[in-house]
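Q: One structure, pasted below without further comment.
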Amino acid sequence: MAIHMKGGGMPQEIDVRRVGPEELIQRGLIARRYYLDGRTRVQIAEEFDLSRFKVARILEDAVASGMVEITVHAPESIDIDLSRALKDKFGLRMAFAVRTASDEQDELWDAVGRVTADLLSEIVTAADVLGVDCGRTLSRMATHIDAIAACDVVQLTGMAGAVGATSADLVRRITELGGGRAWSMYAPLVVSEASTCAALRRSRGIKETLKHHASVTKAVVSIGSWSPGLSQVYDLLAPEEAEKFADRGVVAESCALLLDAEGNHVEGLADRRIGVSEETLRGIDHVVAIAAGEKKLAAVRSVLESGLVSSLIIDAGTAAGLVR
C-alpha cells in the first residue's frame, strides 16, 4: 500500500464548507503524523489537544479532499478480485486465484504449489495436526516450503505418483522442516483386490496412521479430473474400469473419493482404497484443496459442490472459468 501526500497547492475540496488555510495546515500535519510517521490517533490527539474523534474526522477529510491518496498494490502472484469472487460464489473460507507467467502446465503446478506452501507456513501452528494427500501440485508445494510449525503430519492417502513425490515423501519433507512427528502409510493408494486392502489396513503401521486421521485439524488435498494424466487414481486403474466409472458419471476425485458433476460420492472403490474416509474428511476443521489447469475446471466445480473442502488454491485461468 502506498500513501501519497499532496503539497504545493490547494487540494480540491469536495465539502460545501470552504476550508481556510489554518485548517488545511492542521489537516496536512495530522495526516502526515498518521500516515507517514506512524503515530496513533490517541498520540495525535494529545499532540494537537484534540479529541480522538476529531482526529478521525480530520483524517477522513484528508482522504476525501484528495490531500491524501491511498494506493493498494495487489500482490503479483494473486488476483485479489478473482479470489474474492471465488470465495463469495462458493462460500469458501479462503480462496486464492494464482496468477502465472504462462499457461504451461509446469508453470501452473509450480505457481499454485508456491502459494500453497506460503499459506501452510502462515496458518499451521504447533497445535495443529496436518493431513497431507498426494498429487503433482502437492509435490511442487513441498519443494517451496522452507518453514512450518512443529506440528504432527499425517498421511491421508496411500502412495501414488513418482518415486520421491508420493504422499509419504511429502509427510517426511514437512516433518523434517518443522520437527513434528510423522504418521505415514507405506501402501498403495488403490489396490486390485479387496482382500489385499483389508490385510494392509490391519497391519500395525497403517492401522495406527488411519487411527490418527481423526485428530487432523487442517488438511491439504489435491483434485483429480477423471481422465488419463489428470488423476493418479484414474491412472492406477485398468482402462476398462476407469471407463466404467466415467459411464457412472464420475468427473472428479479427491483423496481417491470419486465424485459426479454434482459433487455426489460415487461408490466403487471403498474396499480397495487406502485413505481417509469421507466422513472423517468432512469432519476436519479446515481442508484446503489445490488444483492447476483449466482441464480440471469440471472436477474443481464438483469438489466444491461436494462440500468436502473449505478453501481453494487454483490458477487464475481456472478460477475465471468457475466464476464466469
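Scheme for the C-alpha cells: letters A, B, ... for chains in order shown; per-chain residue numbers from 1; ligand numbers from 1 in order shown.
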Please provide as a VMD selection string all residues within 9 Å of stretch 130-143 of chain A, with the sequence filter that same-chain residues fewer than 4 positions apart are discarded (counting only C-alpha atoms).
A: chain A and resid 108 to 118 124 151 to 162 164 to 171 173 to 174 213 215 to 224 231 to 232 254 to 255 275 287 290 to 292
Q: Please list as a PyMOL selection string every residue within 12 Å of A:Val250, counting only C-alpha atoms and excluding residues in the same chain fewer than 3 positions away.
A: chain A and resi 224-227+231+233-234+241-247+253-254+256-268+298-299+302-303
Q: For those residues, write N, CA, C and O atoms to a file as a CSV table (one decimal), in the first residue's frame.
A:
```csv
chain,number,residue,atom,x,y,z
A,224,GLY,N,-8.4,-34.3,-8.7
A,224,GLY,CA,-8.1,-35.0,-9.9
A,224,GLY,C,-9.3,-35.0,-10.8
A,224,GLY,O,-10.4,-35.1,-10.4
A,225,SER,N,-9.0,-34.8,-12.1
A,225,SER,CA,-10.1,-34.8,-13.1
A,225,SER,C,-10.1,-36.2,-13.7
A,225,SER,O,-9.0,-36.8,-14.0
A,226,TRP,N,-11.3,-36.8,-13.9
A,226,TRP,CA,-11.4,-38.2,-14.3
A,226,TRP,C,-11.1,-38.4,-15.8
A,226,TRP,O,-11.9,-38.6,-16.6
A,227,SER,N,-9.8,-38.4,-16.1
A,227,SER,CA,-9.3,-38.6,-17.4
A,227,SER,C,-7.8,-39.0,-17.3
A,227,SER,O,-7.1,-38.6,-16.3
A,231,SER,N,-5.5,-37.5,-13.2
A,231,SER,CA,-5.9,-38.1,-11.9
A,231,SER,C,-5.0,-39.3,-11.7
A,231,SER,O,-4.9,-40.3,-12.5
A,233,VAL,N,-5.6,-41.6,-9.5
A,233,VAL,CA,-6.4,-42.7,-9.3
A,233,VAL,C,-6.8,-43.3,-10.6
A,233,VAL,O,-6.8,-44.5,-10.8
A,234,TYR,N,-7.3,-42.5,-11.5
A,234,TYR,CA,-7.6,-42.9,-12.9
A,234,TYR,C,-6.5,-43.7,-13.5
A,234,TYR,O,-6.7,-44.8,-14.0
A,241,GLU,N,-11.9,-50.3,-16.4
A,241,GLU,CA,-12.6,-50.0,-15.1
A,241,GLU,C,-12.8,-48.5,-15.0
A,241,GLU,O,-13.8,-48.0,-14.5
A,242,ALA,N,-11.7,-47.7,-15.4
A,242,ALA,CA,-11.8,-46.3,-15.3
A,242,ALA,C,-13.0,-45.8,-16.2
A,242,ALA,O,-13.7,-44.9,-15.8
A,243,GLU,N,-13.1,-46.4,-17.4
A,243,GLU,CA,-14.2,-46.0,-18.3
A,243,GLU,C,-15.6,-46.3,-17.7
A,243,GLU,O,-16.6,-45.6,-17.9
A,244,LYS,N,-15.7,-47.5,-16.9
A,244,LYS,CA,-17.0,-47.8,-16.3
A,244,LYS,C,-17.4,-46.7,-15.3
A,244,LYS,O,-18.5,-46.4,-15.2
A,245,PHE,N,-16.4,-46.3,-14.5
A,245,PHE,CA,-16.7,-45.2,-13.6
A,245,PHE,C,-17.1,-43.9,-14.3
A,245,PHE,O,-18.0,-43.2,-13.8
A,246,ALA,N,-16.5,-43.6,-15.5
A,246,ALA,CA,-16.9,-42.5,-16.2
A,246,ALA,C,-18.3,-42.6,-16.7
A,246,ALA,O,-19.1,-41.6,-16.7
A,247,ASP,N,-18.7,-43.8,-17.1
A,247,ASP,CA,-20.1,-44.1,-17.5
A,247,ASP,C,-21.1,-43.9,-16.4
A,247,ASP,O,-22.2,-43.6,-16.6
A,253,GLU,N,-12.1,-36.7,-8.5
A,253,GLU,CA,-11.7,-37.4,-7.3
A,253,GLU,C,-10.8,-36.6,-6.4
A,253,GLU,O,-10.1,-35.7,-6.9
A,254,SER,N,-11.0,-36.8,-5.1
A,254,SER,CA,-10.1,-36.2,-4.2
A,254,SER,C,-9.9,-37.1,-3.0
A,254,SER,O,-10.9,-37.7,-2.5
A,256,ALA,N,-8.9,-40.0,-3.4
A,256,ALA,CA,-9.5,-41.2,-4.0
A,256,ALA,C,-11.0,-41.5,-3.7
A,256,ALA,O,-11.5,-42.6,-3.8
A,257,LEU,N,-11.7,-40.4,-3.4
A,257,LEU,CA,-13.1,-40.4,-3.2
A,257,LEU,C,-13.7,-39.9,-4.6
A,257,LEU,O,-13.4,-38.8,-5.0
A,258,LEU,N,-14.5,-40.8,-5.2
A,258,LEU,CA,-15.0,-40.5,-6.6
A,258,LEU,C,-16.3,-39.6,-6.5
A,258,LEU,O,-17.1,-39.9,-5.7
A,259,LEU,N,-16.4,-38.6,-7.4
A,259,LEU,CA,-17.5,-37.7,-7.3
A,259,LEU,C,-18.1,-37.5,-8.7
A,259,LEU,O,-17.3,-37.5,-9.7
A,260,ASP,N,-19.4,-37.3,-8.8
A,260,ASP,CA,-20.0,-36.9,-10.0
A,260,ASP,C,-20.1,-35.4,-10.2
A,260,ASP,O,-19.6,-34.7,-9.4
A,261,ALA,N,-20.7,-34.9,-11.3
A,261,ALA,CA,-20.7,-33.5,-11.6
A,261,ALA,C,-21.4,-32.7,-10.5
A,261,ALA,O,-21.1,-31.5,-10.4
A,262,GLU,N,-22.3,-33.2,-9.8
A,262,GLU,CA,-23.0,-32.5,-8.7
A,262,GLU,C,-22.3,-32.6,-7.3
A,262,GLU,O,-22.8,-32.1,-6.3
A,263,GLY,N,-21.2,-33.3,-7.3
A,263,GLY,CA,-20.4,-33.5,-6.1
A,263,GLY,C,-20.9,-34.6,-5.2
A,263,GLY,O,-20.5,-34.7,-4.1
A,264,ASN,N,-21.7,-35.5,-5.8
A,264,ASN,CA,-22.1,-36.7,-5.0
A,264,ASN,C,-21.1,-37.8,-5.1
A,264,ASN,O,-20.4,-38.0,-6.1
A,265,HIS,N,-20.9,-38.5,-3.9
A,265,HIS,CA,-19.9,-39.6,-3.9
A,265,HIS,C,-20.4,-40.8,-4.7
A,265,HIS,O,-21.5,-41.2,-4.5
A,266,VAL,N,-19.6,-41.3,-5.5
A,266,VAL,CA,-19.9,-42.5,-6.3
A,266,VAL,C,-19.1,-43.6,-5.7
A,266,VAL,O,-17.9,-43.6,-5.6
A,267,GLU,N,-19.9,-44.7,-5.3
A,267,GLU,CA,-19.3,-45.8,-4.6
A,267,GLU,C,-18.5,-46.7,-5.7
A,267,GLU,O,-18.8,-46.6,-6.8
A,268,GLY,N,-17.6,-47.5,-5.2
A,268,GLY,CA,-17.0,-48.5,-6.0
A,268,GLY,C,-15.6,-48.8,-5.7
A,268,GLY,O,-15.0,-49.8,-6.1
A,298,ALA,N,-14.2,-28.8,-14.5
A,298,ALA,CA,-15.4,-29.5,-14.1
A,298,ALA,C,-15.1,-30.3,-12.8
A,298,ALA,O,-16.0,-30.4,-11.9
A,299,ALA,N,-13.9,-30.8,-12.6
A,299,ALA,CA,-13.5,-31.5,-11.4
A,299,ALA,C,-13.5,-30.6,-10.2
A,299,ALA,O,-14.0,-31.0,-9.1
A,302,SER,N,-17.0,-29.8,-9.2
A,302,SER,CA,-17.6,-31.0,-8.5
A,302,SER,C,-17.1,-31.0,-7.0
A,302,SER,O,-18.0,-31.2,-6.1
A,303,VAL,N,-15.8,-30.9,-6.8
A,303,VAL,CA,-15.3,-30.9,-5.4
A,303,VAL,C,-15.9,-29.8,-4.6
A,303,VAL,O,-16.2,-30.0,-3.4
```
Q: Separation of atom CA of A:Gly205 and atom CA of A:Leu189, in Å?
A: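 Computing it gives 15.1 Å between the two atoms.
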Q: Looking only at alpha helix (DSSP H) from DSSP on the backbone, list the matching residues of stretch 133-193 of chain A as a short mmCIF file (atom, residue, chain, number, x, y, z; two decimals) with C-alpha atoms, in the first residue's frame.
A:
```
data_model
loop_
_atom_site.label_atom_id
_atom_site.label_comp_id
_atom_site.auth_asym_id
_atom_site.auth_seq_id
_atom_site.Cartn_x
_atom_site.Cartn_y
_atom_site.Cartn_z
CA ARG A 136 1.80 -33.38 -8.57
CA THR A 137 0.86 -29.89 -7.37
CA LEU A 138 1.34 -31.03 -3.77
CA SER A 139 4.78 -32.30 -4.73
CA ARG A 140 5.64 -28.82 -6.01
CA MET A 141 4.31 -27.37 -2.77
CA ALA A 142 6.79 -29.44 -0.81
CA THR A 143 9.72 -28.02 -2.78
CA HIS A 144 8.69 -24.47 -1.80
CA SER A 167 2.33 -38.66 -0.02
CA ALA A 168 4.80 -40.48 2.24
CA ASP A 169 7.62 -38.37 0.79
CA LEU A 170 5.60 -35.19 1.37
CA VAL A 171 4.99 -36.11 5.00
CA ARG A 172 8.69 -36.79 5.51
CA ARG A 173 9.71 -33.49 3.89
CA ILE A 174 7.32 -31.42 6.02
CA THR A 175 8.25 -33.07 9.32
CA GLU A 176 11.96 -32.71 8.55
CA LEU A 177 11.41 -28.95 8.27
CA GLY A 178 9.07 -28.49 11.21
#
```
Q: Which residues of stretch 52-134 of chain A come within 10 Å of stretch 33-41 of chain A, and what is each one's closest atom pair and distance in Å (one decimal), counting only C-alpha atoms, sorted by chain and residue number, as JSON lines?
A:
```
{"residue": "A:Arg52", "atom": "CA", "partner": "A:Arg41", "partner_atom": "CA", "distance": 5.8}
{"residue": "A:Phe53", "atom": "CA", "partner": "A:Arg41", "partner_atom": "CA", "distance": 8.6}
{"residue": "A:Lys54", "atom": "CA", "partner": "A:Arg41", "partner_atom": "CA", "distance": 9.5}
{"residue": "A:Val55", "atom": "CA", "partner": "A:Arg41", "partner_atom": "CA", "distance": 6.4}
{"residue": "A:Ala56", "atom": "CA", "partner": "A:Arg41", "partner_atom": "CA", "distance": 7.1}
{"residue": "A:Leu59", "atom": "CA", "partner": "A:Tyr34", "partner_atom": "CA", "distance": 8.2}
{"residue": "A:Val68", "atom": "CA", "partner": "A:Tyr35", "partner_atom": "CA", "distance": 8.8}
{"residue": "A:Ile70", "atom": "CA", "partner": "A:Tyr35", "partner_atom": "CA", "distance": 9.6}
```
Q: For A:Ser121, work out the shell of residues within 8 Å, counting only C-alpha atoms and skipping chain neighbours fewer than 5 positions away, then give it as a list of chain:residue names.
A: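 Those residues are A:Ile145, A:Ala147, A:Ile148, A:Ala149.
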Q: Store the residues picked out above in a file with N, CA, C and O atoms, as a short mmCIF file (atom, residue, chain, number, x, y, z; two decimals), in the first residue's frame.
A:
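Everything below was put into out.cif:
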```cif
data_model
loop_
_atom_site.label_atom_id
_atom_site.label_comp_id
_atom_site.auth_asym_id
_atom_site.auth_seq_id
_atom_site.Cartn_x
_atom_site.Cartn_y
_atom_site.Cartn_z
N ILE A 145 8.22 -25.21 0.48
CA ILE A 145 8.12 -24.99 1.92
C ILE A 145 9.51 -24.83 2.51
O ILE A 145 10.36 -25.70 2.36
N ALA A 147 9.68 -23.24 5.81
CA ALA A 147 9.45 -23.13 7.25
C ALA A 147 8.01 -23.52 7.56
O ALA A 147 7.09 -23.17 6.80
N ILE A 148 7.82 -24.28 8.63
CA ILE A 148 6.47 -24.64 9.07
C ILE A 148 6.54 -24.97 10.55
O ILE A 148 7.60 -25.36 11.07
N ALA A 149 5.42 -24.79 11.23
CA ALA A 149 5.38 -25.05 12.67
C ALA A 149 5.65 -26.53 12.96
O ALA A 149 5.46 -27.40 12.10
#
```
Q: Please identify all polymer residues within 6 Å of A:Ser83, counting only C-alpha atoms, omitting same-chain residues fewer than 5 positions from it, and present them as a ChimeraX atom specification.
A: /A:95-97
Q: Residues as selected, N, CA and C atoms, written as a PDB file, in the first residue's frame, can you do that?
A:
```pdb
ATOM      1  N   ALA A  95      -9.931 -18.367  -0.540  1.00  0.00           N
ATOM      2  CA  ALA A  95      -9.796 -18.695  -1.962  1.00  0.00           C
ATOM      3  C   ALA A  95      -8.670 -17.857  -2.539  1.00  0.00           C
ATOM      4  N   PHE A  96      -7.829 -18.481  -3.348  1.00  0.00           N
ATOM      5  CA  PHE A  96      -6.699 -17.784  -3.956  1.00  0.00           C
ATOM      6  C   PHE A  96      -6.625 -18.135  -5.432  1.00  0.00           C
ATOM      7  N   ALA A  97      -6.788 -17.117  -6.272  1.00  0.00           N
ATOM      8  CA  ALA A  97      -6.625 -17.270  -7.716  1.00  0.00           C
ATOM      9  C   ALA A  97      -5.209 -16.836  -8.050  1.00  0.00           C
TER      10      ALA A  97
END
```
Q: Tell me, which residues of stretch 80-160 of chain A carry DSSP strand (DSSP E), written as a list of chain:residue names?
A: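 Matching residues, listed in order: A:Met94, A:Ala95, A:Phe96, A:Ala97, A:Val98, A:Val129, A:Leu130, A:Gly131, A:Val132, A:Asp152, A:Val153, A:Val154, A:Gln155.
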Q: Just all heavy atoms for this one: save the residues we selected as a CSV table (one decimal), in the first residue's frame.
A:
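Final output, saved to out.csv:
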```csv
chain,number,residue,atom,x,y,z
A,94,MET,N,-11.4,-19.5,2.5
A,94,MET,CA,-10.3,-18.9,1.8
A,94,MET,C,-10.3,-19.3,0.3
A,94,MET,O,-10.7,-20.4,0.0
A,94,MET,CB,-8.9,-19.2,2.4
A,94,MET,CG,-8.7,-18.8,3.8
A,94,MET,SD,-7.1,-19.3,4.4
A,94,MET,CE,-7.1,-18.7,6.1
A,95,ALA,N,-9.9,-18.4,-0.5
A,95,ALA,CA,-9.8,-18.7,-2.0
A,95,ALA,C,-8.7,-17.9,-2.5
A,95,ALA,O,-8.6,-16.7,-2.3
A,95,ALA,CB,-11.1,-18.4,-2.7
A,96,PHE,N,-7.8,-18.5,-3.3
A,96,PHE,CA,-6.7,-17.8,-4.0
A,96,PHE,C,-6.6,-18.1,-5.4
A,96,PHE,O,-6.5,-19.3,-5.8
A,96,PHE,CB,-5.4,-18.2,-3.3
A,96,PHE,CG,-5.4,-17.9,-1.8
A,96,PHE,CD1,-5.8,-18.9,-0.9
A,96,PHE,CD2,-5.1,-16.7,-1.3
A,96,PHE,CE1,-5.8,-18.7,0.5
A,96,PHE,CE2,-5.1,-16.4,0.1
A,96,PHE,CZ,-5.5,-17.4,1.0
A,97,ALA,N,-6.8,-17.1,-6.3
A,97,ALA,CA,-6.6,-17.3,-7.7
A,97,ALA,C,-5.2,-16.8,-8.1
A,97,ALA,O,-4.9,-15.7,-8.0
A,97,ALA,CB,-7.6,-16.4,-8.5
A,98,VAL,N,-4.4,-17.8,-8.4
A,98,VAL,CA,-2.9,-17.5,-8.6
A,98,VAL,C,-2.6,-17.1,-10.0
A,98,VAL,O,-2.9,-17.9,-11.0
A,98,VAL,CB,-2.1,-18.8,-8.2
A,98,VAL,CG1,-0.6,-18.5,-8.3
A,98,VAL,CG2,-2.5,-19.2,-6.8
A,129,VAL,N,-2.7,-30.6,13.7
A,129,VAL,CA,-2.2,-31.9,13.1
A,129,VAL,C,-2.6,-31.7,11.6
A,129,VAL,O,-3.7,-31.5,11.2
A,129,VAL,CB,-3.0,-33.1,13.7
A,129,VAL,CG1,-2.5,-34.4,13.0
A,129,VAL,CG2,-2.7,-33.2,15.2
A,130,LEU,N,-1.6,-31.8,10.8
A,130,LEU,CA,-1.7,-31.5,9.3
A,130,LEU,C,-1.9,-32.8,8.6
A,130,LEU,O,-1.0,-33.7,8.7
A,130,LEU,CB,-0.5,-30.7,8.8
A,130,LEU,CG,-0.5,-30.4,7.3
A,130,LEU,CD1,-1.6,-29.5,6.9
A,130,LEU,CD2,0.9,-29.8,6.9
A,131,GLY,N,-2.9,-32.9,7.8
A,131,GLY,CA,-3.2,-34.1,6.9
A,131,GLY,C,-2.7,-33.7,5.5
A,131,GLY,O,-3.0,-32.7,5.0
A,132,VAL,N,-2.1,-34.7,4.8
A,132,VAL,CA,-1.5,-34.5,3.5
A,132,VAL,C,-1.9,-35.6,2.5
A,132,VAL,O,-1.8,-36.7,2.8
A,132,VAL,CB,0.0,-34.4,3.6
A,132,VAL,CG1,0.6,-34.2,2.2
A,132,VAL,CG2,0.5,-33.3,4.5
A,152,ASP,N,2.4,-32.2,14.1
A,152,ASP,CA,2.4,-33.6,13.6
A,152,ASP,C,1.8,-33.6,12.2
A,152,ASP,O,0.9,-32.8,11.9
A,152,ASP,CB,1.5,-34.5,14.5
A,152,ASP,CG,2.2,-34.8,15.8
A,152,ASP,OD1,3.4,-34.4,16.0
A,152,ASP,OD2,1.6,-35.4,16.7
A,153,VAL,N,2.3,-34.5,11.3
A,153,VAL,CA,1.8,-34.6,10.0
A,153,VAL,C,1.4,-36.0,9.7
A,153,VAL,O,2.1,-37.0,9.9
A,153,VAL,CB,2.9,-34.2,9.0
A,153,VAL,CG1,2.4,-34.1,7.5
A,153,VAL,CG2,3.5,-32.8,9.3
A,154,VAL,N,0.1,-36.1,9.1
A,154,VAL,CA,-0.5,-37.4,8.9
A,154,VAL,C,-0.7,-37.6,7.4
A,154,VAL,O,-1.3,-36.8,6.8
A,154,VAL,CB,-1.8,-37.5,9.7
A,154,VAL,CG1,-2.4,-38.9,9.5
A,154,VAL,CG2,-1.6,-37.3,11.2
A,155,GLN,N,-0.3,-38.8,6.9
A,155,GLN,CA,-0.6,-39.1,5.5
A,155,GLN,C,-2.0,-39.5,5.4
A,155,GLN,O,-2.5,-40.5,6.0
A,155,GLN,CB,0.4,-40.2,5.1
A,155,GLN,CG,0.3,-40.6,3.7
A,155,GLN,CD,1.3,-41.7,3.3
A,155,GLN,OE1,2.3,-41.9,4.1
A,155,GLN,NE2,1.1,-42.5,2.3
```
Q: How far is it from atom CA of A:Ala270 to atom CA of A:Lys295, in Å with one decimal?
A: 26.1 Å
Q: Could you jot down the atom CA of A:Ala198 to atom CA of A:Val276 separation for me, Å, one decimal place?
A: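 We find that atom CA of A:Ala198 and atom CA of A:Val276 lie 14.3 Å from each other.
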